[in-house]
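Trainee: Take a look at this one; I'll ask things after.
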Amino acid sequence: MNVELVKTTYLRYGFSLIEERADDGLLAFLLITGPFRNVEIVKVRADANADLLEQELLQLGYACKVLAETEAVEQRLFESFFSVSAYRKKISRDYNSFTTAISRKYSDYSEYSYLSAPYLINGVPGVKHLSEEILSRIEDPVPMIFVVEAAAGYGKTCAAYELASKINEMSGRIPLLAELSKNRQARIFKHVLLDEIDRSFPNLSSRLIKDETASGRIVTILDGFDELLRDNEDSESDFDSKEPMLETIGEYLKGNAKIILTTRKTILFDGDGFHKWVENNKSDFSLVKIQINEPKVNDWLDSDRRELLERSGVEIASIANPVLLSFLRYISFEELSDICSNPEGLVDSYFKFILERERIRQELEMSADEQNSILDIVAHDMITDGYKSEDRSYIMELILSEGIDLIESCVDRYPSDKKTTVEGIANKLASHAFLDRSSRNPTKIEFINEFVFGHYVARDINKTSGWINDDWRYIGPAIFSYRTRSFETRKKLWDLLGDSLEFVSLTNRVSASLSLLRSLDFEVADGEVNGLTFQELSLGRNHKVRNVQFNGCQFTNCTFHISLLSDVSFFECKFFSCVVFGEIYGGRIHTPGCEADNDLLDIFAASRTDKQDAPTEDKQKRAEAAVLEKFWPVGRDYMMHKHRPIRGICNFADSGAISPQEMYDAIESLRKRGVLSEPRSSLFVEVNLGEINEIKRILGR
């Protein structure tokens with residue numbers, strides 16, 4: 001037995017060493033809990049005799065327990081202190097409660113089953129079930145952080161619960177699942193995390209939790225990390241304010257720790273600041289980035305249901321939304337047949353179905369339209385005052401204040417033997433199926449998911465004259481909820497959002513156009529578009545695309561009208577079955593780090609040879625200097641960065657005279673000469689400090 005390991009383990013769990021009899025092969029550890037003084041005597045040799053020591057300690061008033069050296073000390077203490085058996089039962093109950101709430105929302109007889117959506121892992125299509133992909137890495141003896149990204153409503157929380165359930169079944173490991181969207185008690189992430197730790201393990205120290213996270217016994221799942229990024233979340237320049245969150249997580253990434261974050265796509269995890277942080281910490285932990293894509297309808301609905309929908313004229317691809325697919329999967333076939341009689345009203349049918357069930361479930365004498373009116377009040381107040389969740393008491397006061405006429409009318413409908421009060425009705429409405437009624441934080445109320453929230457935001461947009469807002473927390477869900485609507489309905493929302501979309505990022509504006517119009521019906525200019533998927537789209541057909549950089553985007557079956565493309569850069573994008581229309585180039589098209597399954601990149605390259613001569617030696621030197629200035633800016637006495645993401649380097653430089661492609665070519669030239677090198681990630685380059693004299697020469701320092 002490793003005696004030092006035994007000592008360290010006991011001390012870590014709060015014991016003190018009160019006896020060490022090396023000649024007798026015995027150790028005695030004391031744990032004081034209130035009035036109780038418990039001693040564990042550990043035999044560190046097989047032939048050790050603990051009888052004498054036990055008698056001495058008993059006479060001193062200690063309660064004693066003798067342990068043979070064959071016992072697994074670490075695992076035994078872990079299971080005892082963490083009450084593993086009871087904790088596993090709690091996790092199972094939480095999982096069953098969560099999944100039952102999903103399936104029974106639509107039918108009392110439906111059974112929940114988790115369906116894994118298609119996903120990319122580190123940019124490569126995943127082949128395993130999503131949970132299997134992550135669990136297969138849990139045993140790796142290195143600290144690892146998993147960032148699971150998905151659009152709103154694509155099943156991040158379902159994935160988090162599924163992972164927690166699977167980890168709960170693993171020997172020697174337990175999950176710590178924290179739903180960050182349910183914790184609004186603190187705005188500082190470290191405080192939120194400590195609060196979640198205390199909620200899961202109320203009698204244990206955070207130091208012990210951190211140690212067992214490092215041992216790999218506790219696998220931490222932080223669901224809804226984006227909920228903590230409410231302020232300036234689309235500003236990459238605001239990374240400094242977010243970095244402390246990542247540093248806090250980094251403190252837990254030791255030993256064999258595994259931490260899983262689920263988040264909607266946000267610029268934080270795509271920006272240079274995050275990649276630089278990962279690169280600076282590459283020796284401390286590994287990053288696995290997973291992007292969940294749209295669910296496949298075939299996985300959710302059986303052939304009979306798909307055929308019924310198709311016969312009624314429903315565009316199957318348009319309903320690839322987990323909320324709608326759950327509804328269509330769990331309702332009875334007869335109810336689905338009724339809905340298919342009016343396919344245009346599919347979404348409205350979903351809401352009417354839930355509202356009617358709510359009327360019955362809560363014995364609520366309020367029609368679906370009246371319930372909608374109350375929920376409209378809540379959504380409008382959230383948008384006006386800039387919040388997404390609030391105290392239950394506040395929501396009840398809001399409902400009573402703004403909806404009193406409806407509520408009083410509702411009270412009058414109850415028979416005398418079931419008479420209620422306006423406060424009773426407000427309480428029922430605050431516990432509505434479309435509002436979050438989490439037992440984990442019952443004082444807070446929010447819409448149950450982004451799809452439902454977006455539906456009521458969209459209703460507010462349609463009802464409010466001159467509606468304008470630049471907050472993507474409201475615009476994004478509204479657009480998401482409309483993706484399944486008819487083109488005419490989507491176009492109406494696009495028109496109503498016209499003024500608001502002028503103030504959002506170019507990425508979000510393009511995303512809105514793709515979702516609502518399935519096209520780009522405006523000039524895409526002067527900015528960056530990050531991480532979007534373009535399918536069966538024409539770029540540059542009716543509007544110019546100029547001075548734009550597409551970063552990490554995917555294009556499938558797209559047509560590029562090159563006469564209206566000018567100074568466009570595609571950085572590390574992927575092209576599948578894409579074609580070019582036209583023969584006259586509108587300007588240069590740059591493709592550093594891109595991949596295509598045909599000759600598209602060669603065609604794009606011709607735009608550069610058509611517009612300019614091969615770079616002169618002087619221009620190449622200026623490009624190399626521009627690259628190195630990204631590491632050692634002008635006016636600085638020392639080098640500011642050792643690593644830089646390539647994406648952040650490959651922009652126009654020298655007042656626009658040097659293109660992103662030329663910057664990329666300069667990086668390759670510096671790599672070949674050993675001035676720059678490729679660290680662990682191909683997305684970064686690193687300065688070779690051994691070539692400092694050559695760097696100074698190029699920069700003229």
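Residue names in the structure tokens use chain letters A, B, ... in the order shown, residue numbers from 1 in each chain, and ligand numbers from 1 in the order shown.
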Which residues come within 7 Å of Ile292 of chain A, counting only C-alpha atoms, excluding same-chain residues fewer than 5 positions away, as JSON, numbers by chain?
Mentor: {"A": [117, 118, 119, 120, 149, 150]}
Trainee: Can you tell me which residues surround Ser136 of chain A at a distance of at most 12 Å, considering only C-alpha atoms, apart from same-chain residues fewer than 4 positions away, and format the answer as a list in words?
Mentor: Lys128, His129, Leu130, Ser131, Glu132, Asp140, Pro141, Leu163, Lys166, Ile167, Met170 and Lys258 of chain A
Trainee: Keeping N, CA and C atoms for every residue in the selection just given, could you write it to a file as a CSV table (one decimal), in the first residue's frame?
Mentor:
chain,number,residue,atom,x,y,z
A,128,LYS,N,-20.5,8.5,-34.3
A,128,LYS,CA,-21.1,7.8,-33.2
A,128,LYS,C,-22.3,8.6,-32.7
A,129,HIS,N,-23.1,7.9,-31.8
A,129,HIS,CA,-24.1,8.7,-31.1
A,129,HIS,C,-23.4,9.8,-30.3
A,130,LEU,N,-24.0,10.9,-30.2
A,130,LEU,CA,-23.4,12.1,-29.5
A,130,LEU,C,-22.8,11.8,-28.2
A,131,SER,N,-23.7,11.1,-27.3
A,131,SER,CA,-23.2,10.8,-26.0
A,131,SER,C,-22.1,9.8,-26.0
A,132,GLU,N,-22.1,8.9,-26.9
A,132,GLU,CA,-21.0,7.9,-27.0
A,132,GLU,C,-19.7,8.6,-27.4
A,140,ASP,N,-10.0,9.0,-20.9
A,140,ASP,CA,-8.6,9.5,-21.3
A,140,ASP,C,-8.0,10.2,-20.1
A,141,PRO,N,-6.7,9.9,-19.8
A,141,PRO,CA,-6.0,10.4,-18.6
A,141,PRO,C,-5.5,11.8,-18.8
A,163,LEU,N,-26.3,12.9,-21.1
A,163,LEU,CA,-24.9,12.6,-20.7
A,163,LEU,C,-24.9,12.4,-19.2
A,166,LYS,N,-26.1,8.9,-18.5
A,166,LYS,CA,-25.1,7.9,-18.9
A,166,LYS,C,-23.9,7.8,-18.0
A,167,ILE,N,-23.4,9.0,-17.6
A,167,ILE,CA,-22.3,9.1,-16.6
A,167,ILE,C,-22.7,8.5,-15.3
A,170,MET,N,-22.0,4.9,-15.0
A,170,MET,CA,-20.6,4.5,-15.0
A,170,MET,C,-20.0,4.2,-13.7
A,258,LYS,N,-12.9,16.3,-16.5
A,258,LYS,CA,-13.7,16.4,-17.7
A,258,LYS,C,-14.8,17.4,-17.5
Trainee: Excluding Ala159 of chain A and residues on its chain fewer than 2 positions from it, collect all residues at most 9 Å away from it, counting only C-alpha atoms, and give them as a ChimeraX atom specification.
Mentor: /A:114,116,130-131,155-157,161-164,262
Trainee: Name the closest residue to Tyr482 of chain A among the candidates A:Ser16, A:Thr8, A:Thr421, A:Ser513; distances are taken between atoms, counting only C-alpha atoms.
Mentor: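 Distance minimum relative to Tyr482 of chain A lands on A:Ser513.
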Trainee: For Leu537 of chain A, which residue out of A:Val579, A:Val568, A:Glu595, A:Leu497 is the nearest one, using only C-alpha atoms?
Mentor: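 Of all the options, A:Val579 lies closest to Leu537 of chain A.
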Trainee: Between atom CA of Thr616 of chain A and atom CA of Ala525 of chain A, what distance in Å does the model show, to one decimal?
Mentor: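 Atom-to-atom, atom CA of Thr616 of chain A to atom CA of Ala525 of chain A, that is 28.7 Å.
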Trainee: Of the candidates A:Lys89, A:Arg173, A:Arg588, A:Arg518, which one gets nearest to Ser215 of chain A if we count only C-alpha atoms?
Mentor: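 Nearest to Ser215 of chain A: A:Arg173.
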Trainee: As an MDAnalysis selection string, please: every residue in segment 4-217 of chain A that DSSP puts in strand (DSSP E or B).
Mentor: chainID A and resid 16:21 26:33 36:43 63:67 119:121 124:125 144:149 174:179
Trainee: Which parts of segment 57-149 of chain A does DSSP call alpha helix (DSSP H) when run on the backbone here, written out as a PyMOL selection string?
Mentor: chain A and resi 57-59+73-81+84-103+130-135
Trainee: Pick out the residues sitting within 10 Å of segment 670-673 of chain A, and hand them over as an mmCIF file with N, CA and C atoms, in the first residue's frame; count only C-alpha atoms, and ignore anything fewer than 6 positions along from it in its own chain.
Mentor:
data_model
loop_
_atom_site.group_PDB
_atom_site.id
_atom_site.type_symbol
_atom_site.label_atom_id
_atom_site.label_comp_id
_atom_site.auth_asym_id
_atom_site.auth_seq_id
_atom_site.Cartn_x
_atom_site.Cartn_y
_atom_site.Cartn_z
ATOM 1 N N GLU A 624 4.800 40.227 -45.376
ATOM 2 C CA GLU A 624 5.432 39.497 -44.273
ATOM 3 C C GLU A 624 5.562 40.395 -43.047
ATOM 4 N N VAL A 627 2.205 40.691 -41.385
ATOM 5 C CA VAL A 627 1.904 39.489 -40.594
ATOM 6 C C VAL A 627 2.596 39.568 -39.238
ATOM 7 N N LEU A 628 3.884 39.887 -39.243
ATOM 8 C CA LEU A 628 4.648 39.906 -37.993
ATOM 9 C C LEU A 628 4.210 41.044 -37.070
ATOM 10 N N TYR A 664 -2.119 35.454 -46.208
ATOM 11 C CA TYR A 664 -2.033 34.004 -46.007
ATOM 12 C C TYR A 664 -0.784 33.444 -46.681
ATOM 13 N N VAL A 685 -0.697 30.129 -35.687
ATOM 14 C CA VAL A 685 0.731 30.141 -35.993
ATOM 15 C C VAL A 685 1.456 30.707 -34.788
ATOM 16 N N GLU A 686 2.704 30.336 -34.660
ATOM 17 C CA GLU A 686 3.498 30.691 -33.489
ATOM 18 C C GLU A 686 4.816 31.284 -33.952
ATOM 19 N N VAL A 687 5.245 32.343 -33.282
ATOM 20 C CA VAL A 687 6.531 32.969 -33.593
ATOM 21 C C VAL A 687 7.658 32.099 -33.065
ATOM 22 N N ASN A 688 8.665 31.895 -33.913
ATOM 23 C CA ASN A 688 9.871 31.169 -33.496
ATOM 24 C C ASN A 688 10.850 32.189 -32.933
ATOM 25 N N GLU A 691 14.356 32.935 -34.102
ATOM 26 C CA GLU A 691 14.593 33.729 -35.313
ATOM 27 C C GLU A 691 14.342 35.211 -35.046
ATOM 28 N N ILE A 695 13.256 38.347 -37.509
ATOM 29 C CA ILE A 695 12.000 39.067 -37.300
ATOM 30 C C ILE A 695 12.254 40.570 -37.233
#
Trainee: Just checking: using only C-alpha atoms, which residue out of A:Lys105, A:Lys574, A:His455, A:His561 ends up closest to His543 of chain A?
Mentor: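 Checking each of A:Lys105, A:Lys574, A:His455, A:His561 against His543 of chain A, counting only C-alpha atoms, the winner is A:His561.
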Trainee: Can you tell me, as a list in words, what residues are no more than 9 Å from Ser566 of chain A when counting only C-alpha atoms, ignoring any on the same chain fewer than 3 positions away?
Mentor: Lys544, Val545, Arg546, Asn547, Val548, Ile562, Ser563, Tyr585, Gly586, Gly587, Arg588 and Ile589 of chain A
Trainee: Those same residues - C-alpha atoms - I'd like them written as a compact mmCIF listing (two decimals), in the first residue's frame.
Mentor:
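And here's selection-v3.txt as it stands now:
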# COMPACT_ATOMS: atom_id res chain seq x y z
CA LYS A 544 -23.30 42.68 -54.40
CA VAL A 545 -21.12 40.74 -51.99
CA ARG A 546 -18.11 42.96 -51.33
CA ASN A 547 -15.35 43.48 -48.78
CA VAL A 548 -16.59 40.55 -46.69
CA ILE A 562 -18.82 36.18 -59.69
CA SER A 563 -19.59 39.46 -61.44
CA TYR A 585 -14.99 38.77 -62.20
CA GLY A 586 -16.24 41.69 -60.13
CA GLY A 587 -13.11 41.66 -58.00
CA ARG A 588 -10.70 39.46 -56.14
CA ILE A 589 -11.86 36.35 -54.31
Trainee: Pick out the residues sitting within 12 Å of segment 303-315 of chain A, and hand them over as a ChimeraX atom specification; count only C-alpha atoms, and ignore anything fewer than 4 positions along from it in its own chain.
Mentor: /A:296-299,319-320,325,327-347,483-487
Trainee: Write a file of the selected residues as a CSV table (one decimal), in the first residue's frame, keeping N, CA and C atoms.
Mentor:
chain,number,residue,atom,x,y,z
A,296,LYS,N,-32.5,15.3,-38.0
A,296,LYS,CA,-33.0,14.7,-39.2
A,296,LYS,C,-34.4,14.2,-39.0
A,297,VAL,N,-35.3,14.7,-39.8
A,297,VAL,CA,-36.8,14.3,-39.6
A,297,VAL,C,-37.0,12.8,-39.6
A,298,ASN,N,-36.2,12.1,-40.4
A,298,ASN,CA,-36.4,10.7,-40.5
A,298,ASN,C,-36.1,10.0,-39.1
A,299,ASP,N,-35.2,10.6,-38.3
A,299,ASP,CA,-34.9,10.0,-37.0
A,299,ASP,C,-36.0,10.2,-36.0
A,319,ILE,N,-39.7,21.4,-41.0
A,319,ILE,CA,-40.1,21.1,-39.6
A,319,ILE,C,-39.0,20.5,-38.8
A,320,ALA,N,-37.7,20.7,-39.3
A,320,ALA,CA,-36.6,20.2,-38.6
A,320,ALA,C,-36.3,21.0,-37.4
A,325,LEU,N,-40.9,18.7,-33.8
A,325,LEU,CA,-40.7,17.2,-34.0
A,325,LEU,C,-41.2,16.4,-32.8
A,327,PHE,N,-43.5,17.3,-30.7
A,327,PHE,CA,-45.0,17.4,-30.8
A,327,PHE,C,-45.5,16.4,-31.7
A,328,LEU,N,-45.0,16.4,-33.0
A,328,LEU,CA,-45.5,15.5,-34.0
A,328,LEU,C,-45.1,14.0,-33.7
A,329,ARG,N,-44.1,13.8,-32.9
A,329,ARG,CA,-43.7,12.4,-32.6
A,329,ARG,C,-44.6,11.8,-31.5
A,330,TYR,N,-45.0,12.7,-30.5
A,330,TYR,CA,-45.7,12.1,-29.3
A,330,TYR,C,-47.2,12.2,-29.3
A,331,ILE,N,-47.8,13.1,-30.2
A,331,ILE,CA,-49.2,13.1,-30.2
A,331,ILE,C,-49.7,11.9,-30.9
A,332,SER,N,-51.0,11.6,-30.7
A,332,SER,CA,-51.6,10.4,-31.3
A,332,SER,C,-51.7,10.6,-32.8
A,333,PHE,N,-51.8,9.5,-33.5
A,333,PHE,CA,-51.9,9.5,-35.0
A,333,PHE,C,-53.2,10.2,-35.4
A,334,GLU,N,-54.3,10.0,-34.6
A,334,GLU,CA,-55.5,10.7,-35.0
A,334,GLU,C,-55.4,12.2,-34.9
A,335,GLU,N,-54.7,12.7,-33.8
A,335,GLU,CA,-54.5,14.1,-33.6
A,335,GLU,C,-53.6,14.7,-34.8
A,336,LEU,N,-52.7,13.9,-35.2
A,336,LEU,CA,-51.8,14.3,-36.3
A,336,LEU,C,-52.6,14.4,-37.6
A,337,SER,N,-53.5,13.5,-37.8
A,337,SER,CA,-54.4,13.6,-39.0
A,337,SER,C,-55.2,14.8,-39.0
A,338,ASP,N,-55.8,15.2,-37.8
A,338,ASP,CA,-56.5,16.5,-37.7
A,338,ASP,C,-55.7,17.7,-38.1
A,339,ILE,N,-54.5,17.7,-37.6
A,339,ILE,CA,-53.6,18.8,-37.8
A,339,ILE,C,-53.2,18.9,-39.3
A,340,CYS,N,-53.0,17.8,-40.0
A,340,CYS,CA,-52.7,17.8,-41.4
A,340,CYS,C,-53.8,18.3,-42.3
A,341,SER,N,-55.0,18.4,-41.7
A,341,SER,CA,-56.1,19.0,-42.6
A,341,SER,C,-55.8,20.5,-42.8
A,342,ASN,N,-54.9,21.1,-42.0
A,342,ASN,CA,-54.6,22.5,-42.2
A,342,ASN,C,-53.1,22.7,-42.0
A,343,PRO,N,-52.3,22.2,-42.9
A,343,PRO,CA,-50.8,22.2,-42.8
A,343,PRO,C,-50.2,23.6,-42.5
A,344,GLU,N,-50.8,24.7,-43.1
A,344,GLU,CA,-50.2,26.0,-42.9
A,344,GLU,C,-50.3,26.4,-41.4
A,345,GLY,N,-51.3,25.8,-40.7
A,345,GLY,CA,-51.5,26.2,-39.3
A,345,GLY,C,-50.8,25.2,-38.4
A,346,LEU,N,-49.7,24.5,-38.8
A,346,LEU,CA,-49.1,23.5,-38.0
A,346,LEU,C,-48.6,24.0,-36.7
A,347,VAL,N,-47.9,25.2,-36.7
A,347,VAL,CA,-47.3,25.8,-35.5
A,347,VAL,C,-48.5,26.2,-34.6
A,483,ARG,N,-39.2,29.7,-38.6
A,483,ARG,CA,-38.5,29.0,-39.7
A,483,ARG,C,-39.4,27.9,-40.4
A,484,THR,N,-40.4,27.5,-39.7
A,484,THR,CA,-41.4,26.5,-40.2
A,484,THR,C,-42.6,27.1,-40.9
A,485,ARG,N,-42.7,28.4,-40.9
A,485,ARG,CA,-43.9,29.1,-41.5
A,485,ARG,C,-43.8,29.2,-43.0
A,486,SER,N,-44.9,29.6,-43.6
A,486,SER,CA,-44.9,29.7,-45.0
A,486,SER,C,-44.0,30.9,-45.4
A,487,PHE,N,-43.6,31.0,-46.7
A,487,PHE,CA,-42.8,32.1,-47.2
A,487,PHE,C,-43.4,33.4,-46.9
Trainee: Could you state the separation of atom CA of Glu408 of chain A and atom CA of Ala379 of chain A in Å, given to one decimal place?
Mentor: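 We find that atom CA of Glu408 of chain A and atom CA of Ala379 of chain A lie 21.0 Å from each other.
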Trainee: Please provide the set of residues having any atom within 6 Å of segment 551-560 of chain A, restricted to only C-alpha atoms, with same-chain residues fewer than 5 positions apart removed, written as a list in words.
Mentor: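 Once the adjacent positions are removed, what remains is Asn530, Gly531, Leu532, Thr533, Phe534, Gln535, Glu536, Leu537, Ser538, Leu539, Phe571, Glu572, Cys573, Lys574, Phe575, Phe576, Ser577, Cys578, Val579, Val580 and Phe581 of chain A.
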Trainee: Could you write out the selected residues, including N, CA and C atoms, as a PDB file, in the first residue's frame?
Mentor:
ATOM      1  N   ASN A 530     -19.638  34.614 -39.705  1.00  0.00           N
ATOM      2  CA  ASN A 530     -18.968  33.533 -38.986  1.00  0.00           C
ATOM      3  C   ASN A 530     -19.842  32.300 -38.800  1.00  0.00           C
ATOM      4  N   GLY A 531     -19.309  31.148 -39.234  1.00  0.00           N
ATOM      5  CA  GLY A 531     -19.861  29.852 -38.865  1.00  0.00           C
ATOM      6  C   GLY A 531     -21.249  29.523 -39.348  1.00  0.00           C
ATOM      7  N   LEU A 532     -21.687  30.071 -40.473  1.00  0.00           N
ATOM      8  CA  LEU A 532     -23.031  29.768 -40.975  1.00  0.00           C
ATOM      9  C   LEU A 532     -22.983  28.687 -42.051  1.00  0.00           C
ATOM     10  N   THR A 533     -24.133  28.058 -42.271  1.00  0.00           N
ATOM     11  CA  THR A 533     -24.271  27.037 -43.307  1.00  0.00           C
ATOM     12  C   THR A 533     -25.175  27.569 -44.414  1.00  0.00           C
ATOM     13  N   PHE A 534     -24.686  27.526 -45.642  1.00  0.00           N
ATOM     14  CA  PHE A 534     -25.441  28.000 -46.804  1.00  0.00           C
ATOM     15  C   PHE A 534     -25.793  26.788 -47.672  1.00  0.00           C
ATOM     16  N   GLN A 535     -27.062  26.610 -47.968  1.00  0.00           N
ATOM     17  CA  GLN A 535     -27.501  25.470 -48.771  1.00  0.00           C
ATOM     18  C   GLN A 535     -28.384  25.940 -49.919  1.00  0.00           C
ATOM     19  N   GLU A 536     -28.039  25.459 -51.121  1.00  0.00           N
ATOM     20  CA  GLU A 536     -28.837  25.735 -52.321  1.00  0.00           C
ATOM     21  C   GLU A 536     -29.152  27.226 -52.427  1.00  0.00           C
ATOM     22  N   LEU A 537     -28.107  28.021 -52.375  1.00  0.00           N
ATOM     23  CA  LEU A 537     -28.250  29.472 -52.347  1.00  0.00           C
ATOM     24  C   LEU A 537     -27.446  30.094 -53.485  1.00  0.00           C
ATOM     25  N   SER A 538     -27.938  31.208 -53.990  1.00  0.00           N
ATOM     26  CA  SER A 538     -27.189  31.983 -54.988  1.00  0.00           C
ATOM     27  C   SER A 538     -26.620  33.219 -54.315  1.00  0.00           C
ATOM     28  N   LEU A 539     -25.309  33.392 -54.405  1.00  0.00           N
ATOM     29  CA  LEU A 539     -24.653  34.560 -53.840  1.00  0.00           C
ATOM     30  C   LEU A 539     -24.236  35.487 -54.966  1.00  0.00           C
ATOM     31  N   PHE A 571     -12.380  32.226 -45.466  1.00  0.00           N
ATOM     32  CA  PHE A 571     -11.293  31.697 -44.652  1.00  0.00           C
ATOM     33  C   PHE A 571     -11.710  30.379 -44.008  1.00  0.00           C
ATOM     34  N   GLU A 572     -10.963  29.314 -44.356  1.00  0.00           N
ATOM     35  CA  GLU A 572     -11.215  27.970 -43.831  1.00  0.00           C
ATOM     36  C   GLU A 572     -12.685  27.578 -43.968  1.00  0.00           C
ATOM     37  N   CYS A 573     -13.230  27.819 -45.142  1.00  0.00           N
ATOM     38  CA  CYS A 573     -14.601  27.403 -45.473  1.00  0.00           C
ATOM     39  C   CYS A 573     -14.561  26.093 -46.258  1.00  0.00           C
ATOM     40  N   LYS A 574     -15.710  25.432 -46.320  1.00  0.00           N
ATOM     41  CA  LYS A 574     -15.823  24.182 -47.066  1.00  0.00           C
ATOM     42  C   LYS A 574     -16.924  24.324 -48.113  1.00  0.00           C
ATOM     43  N   PHE A 575     -16.628  23.826 -49.322  1.00  0.00           N
ATOM     44  CA  PHE A 575     -17.561  23.936 -50.440  1.00  0.00           C
ATOM     45  C   PHE A 575     -17.879  22.542 -50.972  1.00  0.00           C
ATOM     46  N   PHE A 576     -19.172  22.236 -51.088  1.00  0.00           N
ATOM     47  CA  PHE A 576     -19.598  20.935 -51.597  1.00  0.00           C
ATOM     48  C   PHE A 576     -20.551  21.157 -52.776  1.00  0.00           C
ATOM     49  N   SER A 577     -20.174  20.644 -53.939  1.00  0.00           N
ATOM     50  CA  SER A 577     -21.014  20.697 -55.146  1.00  0.00           C
ATOM     51  C   SER A 577     -21.446  22.132 -55.470  1.00  0.00           C
ATOM     52  N   CYS A 578     -20.521  23.064 -55.338  1.00  0.00           N
ATOM     53  CA  CYS A 578     -20.817  24.461 -55.646  1.00  0.00           C
ATOM     54  C   CYS A 578     -20.315  24.818 -57.051  1.00  0.00           C
ATOM     55  N   VAL A 579     -20.980  25.771 -57.717  1.00  0.00           N
ATOM     56  CA  VAL A 579     -20.626  26.147 -59.082  1.00  0.00           C
ATOM     57  C   VAL A 579     -20.543  27.666 -59.185  1.00  0.00           C
ATOM     58  N   VAL A 580     -19.946  28.113 -60.301  1.00  0.00           N
ATOM     59  CA  VAL A 580     -19.784  29.533 -60.582  1.00  0.00           C
ATOM     60  C   VAL A 580     -20.640  29.894 -61.784  1.00  0.00           C
ATOM     61  N   PHE A 581     -21.255  31.072 -61.721  1.00  0.00           N
ATOM     62  CA  PHE A 581     -22.027  31.576 -62.857  1.00  0.00           C
ATOM     63  C   PHE A 581     -21.357  32.853 -63.351  1.00  0.00           C
TER      64      PHE A 581
END
Trainee: Given only C-alpha atoms as the basis, pick out the residue of A:Ala28, A:Val452, A:Met639, A:Val142 nearest to Val323 of chain A.
Mentor: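 With only C-alpha atoms as the atom set, the closest residue is A:Val452.
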